[in-house]
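Reproduced below: target.cif, with mmCIF, C-alpha atoms.
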```cif
data_protein
#
loop_
_atom_site.group_PDB
_atom_site.id
_atom_site.type_symbol
_atom_site.label_atom_id
_atom_site.label_comp_id
_atom_site.auth_asym_id
_atom_site.auth_seq_id
_atom_site.Cartn_x
_atom_site.Cartn_y
_atom_site.Cartn_z
ATOM 1 C CA THR A 1 130.825 104.623 100.296
ATOM 2 C CA MET A 2 129.245 101.637 98.552
ATOM 3 C CA VAL A 3 127.061 99.153 100.439
ATOM 4 C CA THR A 4 125.646 95.935 98.967
ATOM 5 C CA TRP A 5 122.798 93.915 100.461
ATOM 6 C CA THR A 6 122.271 90.302 99.377
ATOM 7 C CA ASN A 7 118.997 88.464 99.867
ATOM 8 C CA ASN A 8 119.877 84.950 101.034
ATOM 9 C CA ASP A 9 116.273 84.228 102.049
ATOM 10 C CA HIS A 10 113.511 82.372 100.197
ATOM 11 C CA PHE A 11 111.287 85.488 100.171
ATOM 12 C CA THR A 12 111.491 88.858 98.397
ATOM 13 C CA HIS A 13 112.893 91.695 100.526
ATOM 14 C CA SER A 14 113.768 95.350 99.990
ATOM 15 C CA VAL A 15 115.898 98.225 101.228
ATOM 16 C CA GLN A 16 113.865 101.380 101.842
ATOM 17 C CA PHE A 17 115.601 104.373 103.431
ATOM 18 C CA LEU A 18 113.601 106.173 106.096
ATOM 19 C CA ASP A 19 115.590 109.411 106.344
ATOM 20 C CA GLY A 20 114.269 111.035 103.174
ATOM 21 C CA GLY A 21 116.316 112.614 100.448
ATOM 22 C CA LEU A 22 117.801 109.315 99.237
ATOM 23 C CA PRO A 23 116.594 108.412 95.754
ATOM 24 C CA GLY A 24 116.178 104.933 94.352
ATOM 25 C CA THR A 25 114.388 103.213 97.192
ATOM 26 C CA PRO A 26 112.852 100.851 97.817
ATOM 27 C CA MET A 27 115.321 98.555 96.100
ATOM 28 C CA ILE A 28 113.526 95.220 95.614
ATOM 29 C CA MET A 29 115.549 91.999 95.897
ATOM 30 C CA ASP A 30 114.167 88.640 94.866
ATOM 31 C CA PRO A 31 115.738 85.564 96.502
ATOM 32 C CA GLY A 32 119.417 85.348 95.543
ATOM 33 C CA ALA A 33 119.563 88.933 94.267
ATOM 34 C CA SER A 34 121.687 91.844 95.496
ATOM 35 C CA ALA A 35 121.179 95.605 95.662
ATOM 36 C CA THR A 36 123.923 98.234 95.867
ATOM 37 C CA PHE A 37 123.681 101.852 96.987
ATOM 38 C CA VAL A 38 126.436 104.490 96.875
ATOM 39 C CA PHE A 39 126.285 107.045 99.692
ATOM 40 C CA ASP A 40 127.654 110.411 98.577
ATOM 41 C CA ARG A 41 127.745 112.088 101.990
ATOM 42 C CA PRO A 42 128.483 111.181 105.610
ATOM 43 C CA GLY A 43 125.630 110.475 107.971
ATOM 44 C CA VAL A 44 123.528 107.863 109.694
ATOM 45 C CA PHE A 45 120.951 106.313 107.373
ATOM 46 C CA HIS A 46 118.096 104.160 108.689
ATOM 47 C CA TYR A 47 116.418 101.599 106.471
ATOM 48 C CA GLN A 48 113.828 98.847 106.551
ATOM 49 C CA CYS A 49 112.406 96.137 104.364
ATOM 50 C CA HIS A 50 109.176 97.821 103.264
ATOM 51 C CA LEU A 51 107.603 94.359 102.926
ATOM 52 C CA HIS A 52 108.533 93.315 106.506
ATOM 53 C CA PRO A 53 109.129 96.596 108.411
ATOM 54 C CA GLN A 54 108.214 95.213 111.807
ATOM 55 C CA ASN A 55 111.250 92.929 112.017
ATOM 56 C CA MET A 56 113.720 93.901 109.278
ATOM 57 C CA GLN A 57 115.463 97.199 109.993
ATOM 58 C CA GLY A 58 119.003 98.478 109.985
ATOM 59 C CA THR A 59 121.349 101.435 109.991
ATOM 60 C CA VAL A 60 124.276 102.422 107.781
ATOM 61 C CA THR A 61 126.807 104.850 109.240
ATOM 62 C CA VAL A 62 129.028 106.662 106.735
ATOM 63 C CA GLY A 63 132.015 108.534 108.142
ATOM 64 C CA PRO A 64 133.636 111.673 106.800
#
```

So that I can check it, write out the structure of this file as structure tokens.
Amino acid sequence: TMVTWTNNDHFTHSVQFLDGGLPGTPMIMDPGASATFVFDRPGVFHYQCHLHPQNMQGTVTVGP
């Protein structure tokens, strides 16, 4: 499953997975940039912007 995040803000943001075992994070996105991650297994994956963790968090759920 492929997921793409796009930064439509005026500030730099990131995607940092919190569940461990997922390489390639944090993925840094300058304003206007995108980041794509391919999940190779089912599960629930929690992430945050490591620059703004207090108010930028999310979850990706990948089904079997």

Within 7 Å of range 4-8 of chain A, which residues of range 13-47 of chain A come that close, and what is the closest atom pair and distance in Å for each? Count all atoms listed in the file and give it as a Markdown table.
```
| residue | atom | partner | partner_atom | distance |
| --- | --- | --- | --- | --- |
| A:His13 | CA | A:Asn7 | CA | 6.9 |
| A:Met29 | CA | A:Asn7 | CA | 6.3 |
| A:Asp30 | CA | A:Asn7 | CA | 7.0 |
| A:Pro31 | CA | A:Asn7 | CA | 5.5 |
| A:Gly32 | CA | A:Asn7 | CA | 5.3 |
| A:Ala33 | CA | A:Asn7 | CA | 5.6 |
| A:Ser34 | CA | A:Thr6 | CA | 4.2 |
| A:Ala35 | CA | A:Trp5 | CA | 5.3 |
| A:Thr36 | CA | A:Thr4 | CA | 4.2 |
| A:Phe37 | CA | A:Thr4 | CA | 6.5 |
```

Can those selected residues be exported to a file as a short mmCIF file (atom, residue, chain, number, x, y, z; two decimals), keeping the file's coordinate frame so that it contains C-alpha atoms?
```cif
data_model
loop_
_atom_site.label_atom_id
_atom_site.label_comp_id
_atom_site.auth_asym_id
_atom_site.auth_seq_id
_atom_site.Cartn_x
_atom_site.Cartn_y
_atom_site.Cartn_z
CA HIS A 13 112.89 91.70 100.53
CA MET A 29 115.55 92.00 95.90
CA ASP A 30 114.17 88.64 94.87
CA PRO A 31 115.74 85.56 96.50
CA GLY A 32 119.42 85.35 95.54
CA ALA A 33 119.56 88.93 94.27
CA SER A 34 121.69 91.84 95.50
CA ALA A 35 121.18 95.60 95.66
CA THR A 36 123.92 98.23 95.87
CA PHE A 37 123.68 101.85 96.99
#
```

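Separating CA of His50 in chain A from CA of Phe17 in chain A is a distance of 9.2 Å.
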
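In this model, the gap between CA of Thr12 in chain A and CA of Phe39 in chain A comes to 23.5 Å.
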
Find the spatial neighbours of Ser14 in chain A, counting all atoms listed in the file, within a cut-off of 8 Å - ignore same-chain residues fewer than 6 positions away - and output them as a PyMOL selection string.
-> chain A and resi 26-29+48-51

I need the residue set behind the PyMOL selection byres ((chain A and resi 19) around 7) for this file; please write it as a short mmCIF file (atom, residue, chain, number, x, y, z; two decimals) with C-alpha atoms, in the frame of the given file.
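Result saved to part37.cif:
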```cif
data_model
loop_
_atom_site.label_atom_id
_atom_site.label_comp_id
_atom_site.auth_asym_id
_atom_site.auth_seq_id
_atom_site.Cartn_x
_atom_site.Cartn_y
_atom_site.Cartn_z
CA PHE A 17 115.60 104.37 103.43
CA LEU A 18 113.60 106.17 106.10
CA GLY A 20 114.27 111.04 103.17
CA GLY A 21 116.32 112.61 100.45
CA PHE A 45 120.95 106.31 107.37
CA HIS A 46 118.10 104.16 108.69
#
```

Atomic distance CA of Val60 in chain A - CA of Thr25 in chain A, expressed in Å with one decimal = 14.5 Å

Residue IDs satisfying the PyMOL selection byres ((chain A and resi 64) around 9), as a PDB file with C-alpha atoms, in the coordinates of the input:
```
ATOM      1  CA  ARG A  41     127.745 112.088 101.990  1.00  0.00           C
ATOM      2  CA  PRO A  42     128.483 111.181 105.610  1.00  0.00           C
ATOM      3  CA  GLY A  43     125.630 110.475 107.971  1.00  0.00           C
ATOM      4  CA  VAL A  62     129.028 106.662 106.735  1.00  0.00           C
ATOM      5  CA  GLY A  63     132.015 108.534 108.142  1.00  0.00           C
TER       6      GLY A  63
END
```

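Using only C-alpha atoms, the shortest contact distance between Leu22 in chain A and any of A:Asp9, A:Val3, A:Thr61, A:Tyr47 is found at A:Tyr47.
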